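The file final_3.txt comes next; it holds compact mmCIF, C-alpha atoms (C1' of nucleotides).
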```txt
# COMPACT_ATOMS: atom_id res chain seq x y z
CA MET A 1 3.02 18.39 -28.66
CA GLU A 2 5.97 16.20 -29.50
CA PRO A 3 7.81 14.68 -26.52
CA ILE A 4 10.70 16.74 -25.19
CA GLN A 5 13.81 15.26 -26.69
CA ASP A 6 16.80 16.73 -25.01
CA LYS A 7 17.53 19.46 -22.55
CA LYS A 8 18.40 21.89 -25.30
CA THR A 9 14.93 21.66 -26.75
CA LEU A 10 13.54 22.12 -23.29
CA LEU A 11 15.52 25.32 -22.90
CA PHE A 12 14.41 26.50 -26.34
CA GLU A 13 10.75 26.02 -25.53
CA SER A 14 11.14 27.71 -22.20
CA ALA A 15 12.95 30.67 -23.74
CA LEU A 16 10.40 30.96 -26.54
CA GLU A 17 7.48 31.33 -24.21
CA LEU A 18 9.25 33.76 -21.90
CA ILE A 19 10.44 35.90 -24.78
CA ARG A 20 6.96 36.01 -26.23
CA VAL A 21 5.65 37.52 -23.01
CA HIS A 22 8.57 39.57 -21.75
CA GLY A 23 10.88 40.15 -24.70
CA PHE A 24 14.61 39.46 -24.90
CA HIS A 25 15.73 41.70 -22.10
CA GLY A 26 12.81 40.88 -19.95
CA THR A 27 13.79 37.22 -19.79
CA PRO A 28 16.83 36.51 -17.62
CA VAL A 29 18.81 33.39 -18.23
CA SER A 30 18.02 32.31 -14.70
CA ARG A 31 14.33 32.41 -15.52
CA VAL A 32 14.74 30.40 -18.70
CA ALA A 33 16.60 27.82 -16.66
CA ARG A 34 14.03 27.70 -13.91
CA GLU A 35 11.09 27.24 -16.27
CA ALA A 36 13.00 24.46 -17.95
CA GLY A 37 13.58 22.85 -14.58
CA VAL A 38 17.35 23.24 -14.46
CA ALA A 39 19.81 25.48 -12.67
CA ALA A 40 21.12 28.70 -14.14
CA GLY A 41 24.59 27.32 -14.69
CA THR A 42 23.29 24.43 -16.78
CA VAL A 43 22.35 26.79 -19.58
CA TYR A 44 26.06 27.37 -20.09
CA THR A 45 26.78 23.72 -20.73
CA TYR A 46 24.55 24.03 -23.80
CA PHE A 47 25.29 27.57 -24.92
CA ASN A 48 28.30 29.80 -24.57
CA SER A 49 26.23 32.88 -23.89
CA LYS A 50 22.70 34.19 -23.83
CA ASP A 51 23.24 35.76 -27.25
CA GLU A 52 24.35 32.46 -28.69
CA MET A 53 21.30 30.81 -27.22
CA ILE A 54 19.05 33.31 -28.93
CA LEU A 55 20.80 32.89 -32.25
CA GLU A 56 20.41 29.14 -32.04
CA LEU A 57 16.81 29.58 -31.04
CA TYR A 58 16.25 31.54 -34.22
CA LYS A 59 17.63 28.70 -36.32
CA TYR A 60 15.57 26.22 -34.34
CA VAL A 61 12.33 28.04 -35.03
CA LYS A 62 13.09 28.53 -38.70
CA LEU A 63 13.71 24.81 -39.05
CA LYS A 64 10.46 24.01 -37.30
CA VAL A 65 8.54 26.30 -39.63
CA LEU A 66 10.23 24.77 -42.63
CA ALA A 67 9.47 21.25 -41.44
CA GLU A 68 5.82 22.05 -40.85
CA VAL A 69 5.19 23.81 -44.14
CA SER A 70 7.32 21.67 -46.41
CA THR A 71 5.91 18.40 -45.11
CA LYS A 72 2.38 19.48 -45.81
CA ASP A 73 3.13 20.73 -49.29
CA ASN A 74 2.18 18.40 -52.09
CA PRO A 75 4.08 19.28 -55.29
CA GLU A 76 1.76 17.06 -57.32
CA LEU A 77 -1.18 19.41 -56.93
CA PRO A 78 -1.88 22.34 -59.25
CA PHE A 79 0.03 25.35 -58.10
CA GLN A 80 -2.94 27.47 -57.12
CA GLN A 81 -4.04 24.76 -54.74
CA ARG A 82 -0.54 24.50 -53.31
CA PHE A 83 -0.50 28.23 -52.76
CA PHE A 84 -3.71 28.33 -50.76
CA ALA A 85 -2.61 25.32 -48.75
CA PHE A 86 0.74 26.98 -48.07
CA TRP A 87 -1.00 30.11 -46.90
CA ASP A 88 -3.26 28.15 -44.66
CA HIS A 89 -0.52 26.08 -43.10
CA LEU A 90 1.71 29.04 -42.40
CA THR A 91 -1.10 31.14 -40.95
CA SER A 92 -2.40 28.41 -38.71
CA LEU A 93 1.08 27.46 -37.59
CA TYR A 94 1.69 31.01 -36.44
CA LEU A 95 -1.73 31.27 -34.86
CA SER A 96 -1.34 28.00 -33.00
CA LYS A 97 2.19 28.78 -31.84
CA PRO A 98 2.10 32.47 -30.99
CA ALA A 99 5.55 32.20 -29.46
CA PHE A 100 6.98 31.29 -32.88
CA GLN A 101 5.51 34.32 -34.56
CA SER A 102 6.32 36.63 -31.71
CA PHE A 103 9.88 35.46 -31.35
CA MET A 104 10.58 35.61 -35.08
CA GLU A 105 9.23 39.13 -35.34
CA GLN A 106 11.17 40.33 -32.37
CA PHE A 107 14.29 38.69 -33.68
CA VAL A 108 14.24 39.99 -37.22
CA SER A 109 13.63 43.54 -36.11
CA SER A 110 16.27 43.39 -33.39
CA PRO A 111 19.99 44.06 -33.64
CA TYR A 112 20.54 40.31 -33.50
CA ASN A 113 19.49 40.24 -37.10
CA THR A 114 22.14 41.31 -39.56
CA PRO A 115 22.48 41.22 -43.33
CA GLU A 116 25.18 38.55 -42.90
CA LEU A 117 22.86 36.33 -40.91
CA GLN A 118 20.11 36.73 -43.48
CA GLN A 119 22.43 35.80 -46.28
CA SER A 120 23.97 32.83 -44.53
CA THR A 121 22.59 29.45 -45.51
CA ASP A 122 18.92 29.53 -44.82
CA LEU A 123 16.93 26.42 -45.59
CA TRP A 124 13.60 28.15 -45.09
CA GLY A 125 14.54 30.92 -47.50
CA ALA A 126 15.80 28.35 -49.98
CA TRP A 127 12.59 26.36 -49.76
CA LEU A 128 10.51 29.49 -50.27
CA GLY A 129 12.62 30.39 -53.27
CA LYS A 130 12.07 27.02 -54.86
CA PHE A 131 8.36 27.07 -54.13
CA PHE A 132 7.77 30.35 -55.93
CA GLU A 133 10.18 29.43 -58.70
CA GLN A 134 8.04 26.44 -59.48
CA GLY A 135 4.98 28.64 -59.54
CA VAL A 136 6.63 30.80 -62.15
CA ALA A 137 7.93 27.79 -64.08
CA VAL A 138 4.49 26.26 -64.53
CA GLY A 139 3.14 29.63 -65.60
CA ALA A 140 0.87 30.07 -62.61
CA LEU A 141 2.68 33.12 -61.25
CA LYS A 142 3.83 36.35 -62.85
CA PRO A 143 7.40 35.97 -64.10
CA LEU A 144 9.07 37.70 -61.15
CA SER A 145 11.96 36.76 -58.92
CA PRO A 146 11.00 34.37 -56.13
CA GLN A 147 12.24 36.89 -53.60
CA ILE A 148 9.80 39.52 -54.73
CA LEU A 149 6.95 37.06 -54.65
CA ALA A 150 7.98 35.93 -51.18
CA ILE A 151 7.94 39.55 -49.99
CA MET A 152 4.35 39.91 -51.06
CA VAL A 153 3.14 36.70 -49.55
CA ILE A 154 5.03 36.51 -46.28
CA GLY A 155 4.38 40.17 -45.60
CA SER A 156 0.67 39.65 -45.80
CA VAL A 157 0.72 36.56 -43.61
CA ILE A 158 2.66 38.41 -40.94
CA SER A 159 0.38 41.43 -41.05
CA LEU A 160 -2.68 39.26 -40.87
CA VAL A 161 -1.47 37.26 -37.92
CA ARG A 162 -0.37 40.42 -36.14
CA TYR A 163 -3.77 41.94 -36.74
CA LEU A 164 -5.53 38.92 -35.34
CA THR A 165 -3.27 38.98 -32.33
CA TYR A 166 -3.88 42.60 -31.46
CA PHE A 167 -7.54 42.85 -32.34
CA LYS A 168 -8.89 39.56 -31.12
CA SER A 169 -12.06 41.21 -29.92
CA LYS A 170 -12.89 43.40 -32.88
CA THR A 171 -12.50 40.67 -35.41
CA GLN A 172 -16.03 39.33 -35.18
CA SER A 173 -17.16 41.90 -37.70
CA VAL A 174 -14.43 41.25 -40.20
CA LYS A 175 -13.67 37.59 -39.60
CA GLY A 176 -15.58 36.54 -42.64
CA GLU A 177 -13.49 38.77 -44.80
CA LEU A 178 -10.20 37.37 -43.58
CA THR A 179 -10.46 34.42 -45.90
CA GLN A 180 -10.37 36.91 -48.74
CA ILE A 181 -6.84 37.97 -47.94
CA PRO A 182 -5.12 34.96 -49.51
CA GLN A 183 -7.44 35.43 -52.48
CA MET A 184 -6.31 39.04 -52.84
CA VAL A 185 -2.68 38.04 -52.59
CA TRP A 186 -3.27 35.39 -55.19
CA ASP A 187 -4.96 37.90 -57.48
CA GLY A 188 -1.87 40.04 -57.15
CA ILE A 189 0.74 37.43 -57.98
CA LYS A 190 -1.04 35.11 -60.41
CA ASN A 191 -0.28 35.29 -64.10
CA HIS A 192 -2.71 37.33 -66.27
CA MET B 193 15.67 68.77 -41.61
CA GLU B 194 13.53 70.99 -39.47
CA PRO B 195 15.33 72.91 -36.72
CA ILE B 196 15.42 71.20 -33.35
CA GLN B 197 12.54 72.63 -31.42
CA ASP B 198 12.82 71.64 -27.85
CA LYS B 199 14.86 69.33 -25.73
CA LYS B 200 12.22 66.62 -25.88
CA THR B 201 12.55 66.38 -29.63
CA LEU B 202 16.29 66.31 -29.25
CA LEU B 203 15.99 63.36 -26.89
CA PHE B 204 13.57 61.64 -29.26
CA GLU B 205 15.92 61.91 -32.18
CA SER B 206 18.84 60.74 -30.12
CA ALA B 207 16.90 57.75 -28.82
CA LEU B 208 15.60 56.87 -32.29
CA GLU B 209 19.04 56.59 -33.79
CA LEU B 210 20.50 54.67 -30.86
CA ILE B 211 17.59 52.25 -30.79
CA ARG B 212 17.92 51.66 -34.51
CA VAL B 213 21.50 50.52 -34.04
CA HIS B 214 21.48 48.91 -30.62
CA GLY B 215 17.87 48.11 -29.81
CA PHE B 216 15.91 49.02 -26.70
CA HIS B 217 18.07 47.23 -24.19
CA GLY B 218 21.26 48.19 -25.88
CA THR B 219 20.61 51.88 -25.40
CA PRO B 220 21.04 53.09 -21.84
CA VAL B 221 19.30 56.27 -20.79
CA SER B 222 22.71 57.72 -20.06
CA ARG B 223 23.70 57.24 -23.68
CA VAL B 224 20.53 58.85 -25.00
CA ALA B 225 21.24 61.80 -22.77
CA ARG B 226 24.87 62.08 -23.84
CA GLU B 227 24.07 62.01 -27.55
CA ALA B 228 21.46 64.69 -26.97
CA GLY B 229 24.05 66.77 -25.16
CA VAL B 230 22.44 66.70 -21.72
CA ALA B 231 23.07 64.94 -18.45
CA ALA B 232 21.47 61.65 -17.52
CA GLY B 233 19.24 63.20 -14.90
CA THR B 234 17.75 65.66 -17.36
CA VAL B 235 15.92 62.89 -19.15
CA TYR B 236 13.79 62.55 -16.03
CA THR B 237 12.55 66.12 -16.17
CA TYR B 238 10.93 65.22 -19.48
CA PHE B 239 9.90 61.63 -18.85
CA ASN B 240 9.04 59.72 -15.73
CA SER B 241 10.88 56.62 -16.83
CA LYS B 242 12.67 55.04 -19.75
CA ASP B 243 9.54 53.08 -20.59
CA GLU B 244 7.48 56.21 -20.71
CA MET B 245 10.03 57.80 -22.98
CA ILE B 246 9.76 54.91 -25.38
CA LEU B 247 5.98 55.00 -25.36
CA GLU B 248 6.02 58.70 -26.14
CA LEU B 249 8.58 58.12 -28.82
CA TYR B 250 6.20 55.69 -30.44
CA LYS B 251 3.46 58.30 -30.58
CA TYR B 252 5.92 60.86 -31.87
CA VAL B 253 6.96 58.68 -34.78
CA LYS B 254 3.40 57.71 -35.69
CA LEU B 255 2.45 61.38 -35.82
CA LYS B 256 5.42 62.14 -38.06
CA VAL B 257 4.45 59.37 -40.46
CA LEU B 258 0.88 60.59 -40.52
CA ALA B 259 1.97 64.16 -41.18
CA GLU B 260 4.22 63.13 -44.05
CA VAL B 261 1.77 60.85 -45.79
CA SER B 262 -1.42 62.82 -45.25
CA THR B 263 0.09 66.10 -46.40
CA LYS B 264 1.17 64.61 -49.68
CA ASP B 265 -2.14 62.93 -50.37
CA ASN B 266 -4.38 64.72 -52.83
CA PRO B 267 -8.00 63.56 -52.45
CA GLU B 268 -8.94 65.24 -55.72
CA LEU B 269 -7.05 62.70 -57.79
CA PRO B 270 -8.52 59.41 -59.01
CA PHE B 271 -8.11 56.78 -56.35
CA GLN B 272 -5.69 54.58 -58.24
CA GLN B 273 -3.32 57.49 -58.55
CA ARG B 274 -3.70 58.28 -54.85
CA PHE B 275 -2.89 54.70 -54.04
CA PHE B 276 0.36 54.60 -55.97
CA ALA B 277 1.37 57.97 -54.56
CA PHE B 278 0.59 56.75 -51.05
CA TRP B 279 2.70 53.66 -51.59
CA ASP B 280 5.54 55.74 -52.89
CA HIS B 281 5.49 58.25 -50.08
CA LEU B 282 5.34 55.66 -47.35
CA THR B 283 8.09 53.55 -48.89
CA SER B 284 10.43 56.44 -49.44
CA LEU B 285 9.76 57.86 -46.01
CA TYR B 286 10.81 54.59 -44.43
CA LEU B 287 13.79 54.25 -46.71
CA SER B 288 14.96 57.78 -46.03
CA LYS B 289 14.46 57.50 -42.28
CA PRO B 290 15.61 54.00 -41.44
CA ALA B 291 15.35 54.80 -37.75
CA PHE B 292 11.59 55.31 -38.13
CA GLN B 293 11.05 51.96 -39.74
CA SER B 294 13.42 50.17 -37.43
CA PHE B 295 11.98 51.68 -34.28
CA MET B 296 8.40 51.05 -35.29
CA GLU B 297 9.09 47.42 -36.10
CA GLN B 298 10.95 46.84 -32.89
CA PHE B 299 8.20 48.53 -30.96
CA VAL B 300 5.20 46.73 -32.40
CA SER B 301 6.79 43.33 -31.93
CA SER B 302 7.98 44.11 -28.41
CA PRO B 303 6.13 43.73 -25.13
CA TYR B 304 5.64 47.51 -25.13
CA ASN B 305 2.93 46.96 -27.65
CA THR B 306 -0.37 45.81 -26.23
CA PRO B 307 -3.87 45.37 -27.59
CA GLU B 308 -4.94 48.29 -25.41
CA LEU B 309 -2.33 50.57 -26.90
CA GLN B 310 -3.31 49.55 -30.42
CA GLN B 311 -6.95 50.26 -29.72
CA SER B 312 -6.37 53.60 -28.06
CA THR B 313 -6.95 56.61 -30.22
CA ASP B 314 -4.63 56.35 -33.14
CA LEU B 315 -4.67 59.13 -35.69
CA TRP B 316 -2.56 57.20 -38.16
CA GLY B 317 -4.88 54.21 -38.01
CA ALA B 318 -7.86 56.49 -38.38
CA TRP B 319 -6.38 58.20 -41.40
CA LEU B 320 -5.61 54.85 -43.02
CA GLY B 321 -9.15 53.71 -42.34
CA LYS B 322 -10.61 56.73 -44.04
CA PHE B 323 -8.25 56.46 -46.98
CA PHE B 324 -9.27 52.92 -47.82
CA GLU B 325 -12.91 53.63 -47.05
CA GLN B 326 -12.89 56.25 -49.73
CA GLY B 327 -11.34 53.79 -52.15
CA VAL B 328 -14.21 51.43 -51.52
CA ALA B 329 -16.80 54.23 -51.67
CA VAL B 330 -15.74 55.33 -55.15
CA GLY B 331 -15.77 51.74 -56.32
CA ALA B 332 -12.04 51.53 -56.92
CA LEU B 333 -11.41 48.91 -54.26
CA LYS B 334 -13.06 45.61 -53.45
CA PRO B 335 -15.83 46.10 -50.91
CA LEU B 336 -13.84 45.00 -47.87
CA SER B 337 -13.27 46.52 -44.48
CA PRO B 338 -10.59 49.21 -44.45
CA GLN B 339 -8.68 47.23 -41.85
CA ILE B 340 -8.32 44.24 -44.12
CA LEU B 341 -7.17 46.43 -46.96
CA ALA B 342 -4.68 48.14 -44.70
CA ILE B 343 -3.26 44.77 -43.66
CA MET B 344 -2.54 43.91 -47.25
CA VAL B 345 -0.95 47.18 -48.14
CA ILE B 346 1.06 48.02 -45.05
CA GLY B 347 2.29 44.46 -44.77
CA SER B 348 3.77 44.61 -48.22
CA VAL B 349 5.40 47.98 -47.66
CA ILE B 350 7.05 46.73 -44.49
CA SER B 351 8.27 43.54 -46.11
CA LEU B 352 9.63 45.43 -49.05
CA VAL B 353 11.51 47.94 -46.95
CA ARG B 354 12.86 45.20 -44.74
CA TYR B 355 14.02 43.30 -47.78
CA LEU B 356 15.80 46.33 -49.17
CA THR B 357 17.44 46.95 -45.82
CA TYR B 358 18.82 43.44 -45.45
CA PHE B 359 19.75 42.71 -49.03
CA LYS B 360 21.15 46.02 -50.20
CA SER B 361 23.79 44.26 -52.25
CA LYS B 362 21.74 41.58 -53.93
CA THR B 363 19.08 43.92 -55.12
CA GLN B 364 20.77 44.93 -58.37
CA SER B 365 19.26 41.91 -60.04
CA VAL B 366 15.76 42.45 -58.82
CA LYS B 367 15.64 46.21 -58.43
CA GLY B 368 13.75 46.63 -61.66
CA GLU B 369 11.06 44.32 -60.42
CA LEU B 370 10.50 46.18 -57.20
CA THR B 371 8.28 48.72 -58.88
CA GLN B 372 5.98 45.84 -59.68
CA ILE B 373 5.17 45.23 -56.06
CA PRO B 374 2.71 48.13 -55.67
CA GLN B 375 1.20 47.01 -58.96
CA MET B 376 0.69 43.51 -57.60
CA VAL B 377 -0.84 44.86 -54.42
CA TRP B 378 -3.12 47.01 -56.49
CA ASP B 379 -4.14 44.05 -58.62
CA GLY B 380 -5.05 42.28 -55.41
CA ILE B 381 -7.23 44.96 -53.88
CA LYS B 382 -8.78 46.71 -56.89
CA ASN B 383 -12.38 46.10 -57.81
CA HIS B 384 -13.06 43.50 -60.59
C1' DA C 385 37.28 5.53 -8.80
C1' DG C 386 36.71 8.39 -12.53
C1' DC C 387 33.95 11.13 -15.37
C1' DT C 388 30.30 13.87 -16.96
C1' DA C 389 26.43 16.72 -16.14
C1' DG C 390 24.25 19.67 -13.07
C1' DT C 391 24.00 22.94 -9.22
C1' DG C 392 23.32 27.50 -7.24
C1' DA C 393 25.75 30.83 -4.49
C1' DA C 394 28.99 34.34 -5.57
C1' DT C 395 30.87 37.96 -8.63
C1' DG C 396 31.14 42.08 -10.87
C1' DA C 397 29.55 44.99 -14.42
C1' DA C 398 25.75 47.66 -16.18
C1' DC C 399 21.80 50.08 -15.73
C1' DG C 400 17.65 52.91 -14.26
C1' DT C 401 16.72 56.22 -11.12
C1' DT C 402 17.43 59.64 -7.34
C1' DC C 403 18.86 63.85 -5.33
C1' DA C 404 21.78 67.37 -3.27
C1' DA C 405 24.23 70.86 -5.36
C1' DT C 406 24.87 74.25 -9.21
C1' DC C 407 23.65 77.54 -12.48
C1' DA C 408 21.10 80.92 -15.36
C1' DA C 409 17.40 83.57 -15.75
C1' DT C 410 13.75 86.22 -13.83
C1' DT C 411 11.41 88.80 -10.29
C1' DT C 412 11.38 91.42 -6.22
C1' DT C 413 13.09 94.77 -3.22
C1' DA C 414 15.42 99.01 -1.82
C1' DT D 415 19.08 100.94 -11.38
C1' DA D 416 21.51 97.68 -8.74
C1' DA D 417 21.55 94.21 -5.51
C1' DA D 418 19.18 90.35 -3.50
C1' DA D 419 15.99 86.61 -3.63
C1' DT D 420 13.46 83.14 -6.07
C1' DT D 421 12.67 79.87 -9.41
C1' DG D 422 13.19 75.89 -12.01
C1' DA D 423 15.96 73.52 -15.14
C1' DT D 424 20.40 70.87 -15.21
C1' DT D 425 24.06 68.24 -13.51
C1' DG D 426 26.50 63.97 -12.43
C1' DA D 427 27.95 61.23 -8.59
C1' DA D 428 25.93 57.71 -5.84
C1' DC D 429 22.52 54.01 -4.86
C1' DG D 430 20.25 49.82 -5.26
C1' DT D 431 18.96 46.39 -8.20
C1' DT D 432 19.25 43.20 -11.86
C1' DC D 433 21.47 40.10 -14.51
C1' DA D 434 24.92 37.36 -17.29
C1' DT D 435 28.49 34.61 -16.22
C1' DT D 436 31.73 31.83 -13.31
C1' DC D 437 33.23 28.13 -10.50
C1' DA D 438 33.89 25.18 -6.51
C1' DC D 439 31.17 21.55 -5.36
C1' DT D 440 27.82 17.56 -5.74
C1' DA D 441 25.15 13.72 -7.78
C1' DG D 442 24.75 10.10 -10.70
C1' DC D 443 26.38 6.92 -13.83
C1' DT D 444 29.85 3.24 -15.63
```
Translate the structure of the given file into structure tokens.
Amino acid sequence: MEPIQDKKTLLFESALELIRVHGFHGTPVSRVAREAGVAAGTVYTYFNSKDEMILELYKYVKLKVLAEVSTKDNPELPFQQRFFAFWDHLTSLYLSKPAFQSFMEQFVSSPYNTPELQQSTDLWGAWLGKFFEQGVAVGALKPLSPQILAIMVIGSVISLVRYLTYFKSKTQSVKGELTQIPQMVWDGIKNH
Amino acid sequence: MEPIQDKKTLLFESALELIRVHGFHGTPVSRVAREAGVAAGTVYTYFNSKDEMILELYKYVKLKVLAEVSTKDNPELPFQQRFFAFWDHLTSLYLSKPAFQSFMEQFVSSPYNTPELQQSTDLWGAWLGKFFEQGVAVGALKPLSPQILAIMVIGSVISLVRYLTYFKSKTQSVKGELTQIPQMVWDGIKNH
DNA sequence: AGCTAGTGAATGAACGTTCAATCAATTTTA
DNA sequence: TAAAATTGATTGAACGTTCATTCACTAGCT
């Protein structure tokens, strides 16, 4: 846990956790404020509206994910190794911060998300694009557009994490097999 | 389009479309009623609460998906062929009924969804399980648990459909490559 | 003193839900 | 058969609550 920097971050973290449990509509602004230790009105010195807060929260989380994954990537390594590391980092990030995963999923499937928003400058998307581009460039990946490759990979990570979240109990039997998922994805996207 | 059977179905369809556009919270019961051509109070002769309506809607949609996909499956065919047909049917169902896809995504990532609900009897999940089991049994798929295989496949379908929904314009460049996604998934899960 | 940040009670709109009244259809009675 | 009674679905105005947002006021800092 990094130290809380400013009040905005405090509000973000408070909102994240509440939204994970209760969803957007189930988390009143007043509650976000209270959990963050401030009064309801204070939220409006940092955001113009609840909607704006949620939009900024989305950008905040995306940046955090980018920071985590990009820092741990080592472009010197052979691409296959980078891929498995990437998979691992993203999966464990989501598993260790369930509020990230939950919020992102809720957000992208909500009316907050629009084609315009998705196409606006998106550092995480850009980083992903470059990552898979490099994989293609060095001949490790099938010569497909980075977007298509990202679809494959991110989709599987999300499904896997969701599965683990909803079937915590049942997973004893299949836990051993879970490590095979990145291998399968790799088999699907690798060249030859 | 099948003819509208009863008022419940009418309410379901009305709710589906409204939720697709405005989300759960953005669609008041009164609006669902109005679009269905009934008064607000009428909704409560069919459902005990808005929440209950949404839970039933979830089951309704899952059954529709199951009906569509299972009817079109032909167990006589070689498994690889069944797999590509399955992929195709599920993808085009979601693309042709955006409200299905949108509602299901919103639902599963919302607080409505619980581990208990996911583990309660689920015909669609059961059908999927059997489908992939058969693939393993005939030696077409890697010997993994059906759940794991389902994660891989469904995850990619969802990501693909979501991508197409949010990047309608950009897809000209990559559209040709999209057909390669099921092929990649197949490469990942097939035996040897 | 002046300024900024923070407070939290107050406001008003929106929403889920209720319920007395209405209506259409069906059954009973004469 | 015709009138009367019964039934149950439907209506929509009204209720109570919740919540986002505002704002007059306060606290703390320089």
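Taking atom CA of Ile151 of chain A and atom CA of Ile373 of chain B as the two end points, the separation is 8.8 Å.
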Report, in Å to a single decimal, how far apart atom CA of Thr27 of chain A and atom C1' of DT440 of chain D are.
27.9 Å
Report, in Å with one decimal, the straight-line distance from atom C1' of DC387 of chain C to atom CA of Lys7 of chain A.
19.8 Å
Identify, on the basis of only C-alpha atoms (C1' of nucleotides), every residue whose closest approach to Lys200 of chain B does not exceed 10 Å; exclude the query and any residue fewer than 2 positions from it along the same chain; express the result as a PyMOL selection string.
chain B and resi 196-198+202-206+228+235+237-239+245+249
For the residues in the current selection, export C-alpha atoms as a PDB file, in the frame of the given file.
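The resulting again-v9.pdb:
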```pdb
ATOM      1  CA  ILE B 196      15.420  71.200 -33.350  1.00  0.00           C
ATOM      2  CA  GLN B 197      12.540  72.630 -31.420  1.00  0.00           C
ATOM      3  CA  ASP B 198      12.820  71.640 -27.850  1.00  0.00           C
ATOM      4  CA  LEU B 202      16.290  66.310 -29.250  1.00  0.00           C
ATOM      5  CA  LEU B 203      15.990  63.360 -26.890  1.00  0.00           C
ATOM      6  CA  PHE B 204      13.570  61.640 -29.260  1.00  0.00           C
ATOM      7  CA  GLU B 205      15.920  61.910 -32.180  1.00  0.00           C
ATOM      8  CA  SER B 206      18.840  60.740 -30.120  1.00  0.00           C
ATOM      9  CA  ALA B 228      21.460  64.690 -26.970  1.00  0.00           C
ATOM     10  CA  VAL B 235      15.920  62.890 -19.150  1.00  0.00           C
ATOM     11  CA  THR B 237      12.550  66.120 -16.170  1.00  0.00           C
ATOM     12  CA  TYR B 238      10.930  65.220 -19.480  1.00  0.00           C
ATOM     13  CA  PHE B 239       9.900  61.630 -18.850  1.00  0.00           C
ATOM     14  CA  MET B 245      10.030  57.800 -22.980  1.00  0.00           C
ATOM     15  CA  LEU B 249       8.580  58.120 -28.820  1.00  0.00           C
TER      16      LEU B 249
END
```
Restrict the distance test to only C-alpha atoms (C1' of nucleotides), flag each residue of chain D within 9 Å of chain A, and return the flagged residues as a PyMOL selection string.
chain D and resi 433-436
Each residue of chain C with at least one atom at most 10 Å from chain A should appear once, together with its nearest atom pair and the corresponding distance in Å (one decimal); atoms considered: all atoms listed in the file; ordering: chain, then increasing residue number; output as a tab-separated table.
```
residue	atom	partner	partner_atom	distance
C:DA389	C1'	A:Thr42	CA	8.3
C:DG390	C1'	A:Thr42	CA	6.1
C:DT391	C1'	A:Ala39	CA	6.0
C:DG392	C1'	A:Ala39	CA	6.8
```
Could you list, as a ChimeraX atom specification, every residue within 9 Å of DT420 of chain D, counting all atoms listed in the file and ignoring same-chain residues fewer than 4 positions away?
/C:410-412
Taking only residues of chain A that have an atom at most 9 Å from an atom of chain B, what is each one's shortest atom pair and its distance in Å to one decimal, using all atoms listed in the file, in chain and number order, as CSV?
```
residue,atom,partner,partner_atom,distance
A:Ile19,CA,B:Pro303,CA,8.9
A:Arg20,CA,B:Pro303,CA,7.8
A:Val21,CA,B:Pro303,CA,6.6
A:His22,CA,B:Pro303,CA,5.9
A:Gly23,CA,B:Pro303,CA,6.0
A:Phe24,CA,B:His217,CA,8.5
A:His25,CA,B:His217,CA,6.4
A:Gly26,CA,B:Pro303,CA,8.9
A:Ser102,CA,B:Ser301,CA,6.7
A:Phe103,CA,B:Ser301,CA,8.5
A:Glu105,CA,B:Ser301,CA,5.9
A:Gln106,CA,B:Ser301,CA,5.3
A:Phe107,CA,B:Gln298,CA,8.8
A:Val108,CA,B:Gln298,CA,8.7
A:Ser109,CA,B:Gln298,CA,5.3
A:Ser110,CA,B:Gly215,CA,6.1
A:Pro111,CA,B:His214,CA,5.9
A:Asn113,CA,B:Tyr358,CA,9.0
A:Thr114,CA,B:Tyr358,CA,7.1
A:Pro115,CA,B:Tyr358,CA,4.8
A:Glu116,CA,B:Tyr358,CA,8.4
A:Gln118,CA,B:Tyr358,CA,7.1
A:Gln119,CA,B:Phe359,CA,7.9
A:Leu144,CA,B:Glu369,CA,7.0
A:Ser145,CA,B:Val366,CA,6.8
A:Gln147,CA,B:Val366,CA,8.4
A:Ile148,CA,B:Leu370,CA,7.1
A:Leu149,CA,B:Ile373,CA,8.5
A:Ile151,CA,B:Ser351,CA,5.6
A:Met152,CA,B:Ser348,CA,5.5
A:Val153,CA,B:Ser348,CA,8.0
A:Ile154,CA,B:Ser351,CA,7.7
A:Gly155,CA,B:Gly347,CA,4.8
A:Ser156,CA,B:Gly347,CA,5.2
A:Val157,CA,B:Gly347,CA,8.1
A:Ile158,CA,B:Gly347,CA,7.2
A:Ser159,CA,B:Gly347,CA,5.2
A:Leu160,CA,B:Ile343,CA,6.2
A:Arg162,CA,B:Ser301,CA,8.8
A:Tyr163,CA,B:Ile343,CA,7.5
A:Thr165,CA,B:Pro307,CA,8.0
A:Tyr166,CA,B:Pro307,CA,4.8
A:Phe167,CA,B:Pro307,CA,6.5
A:Lys168,CA,B:Pro307,CA,8.5
A:Val174,CA,B:Ser337,CA,6.9
A:Glu177,CA,B:Leu336,CA,7.0
A:Leu178,CA,B:Ile340,CA,7.1
A:Gln180,CA,B:Leu336,CA,8.8
A:Ile181,CA,B:Met344,CA,7.4
A:Gln183,CA,B:Gly380,CA,7.8
A:Met184,CA,B:Gly380,CA,4.3
A:Val185,CA,B:Gly380,CA,5.6
A:Trp186,CA,B:Gly380,CA,7.1
A:Asp187,CA,B:Gly380,CA,4.8
A:Gly188,CA,B:Gly380,CA,4.3
A:Ile189,CA,B:Met376,CA,6.1
```
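Near DA409 of chain C, within 12 Å and counting all atoms listed in the file, sit D:DT420, D:DT421, D:DG422, D:DA423; same-chain residues fewer than 4 positions away were not included.
Between DA416 of chain D and the candidates C:DA414, C:DG400, C:DT406, C:DA394, the tightest atom-to-atom separation, counting only C-alpha atoms (C1' of nucleotides), involves C:DA414.
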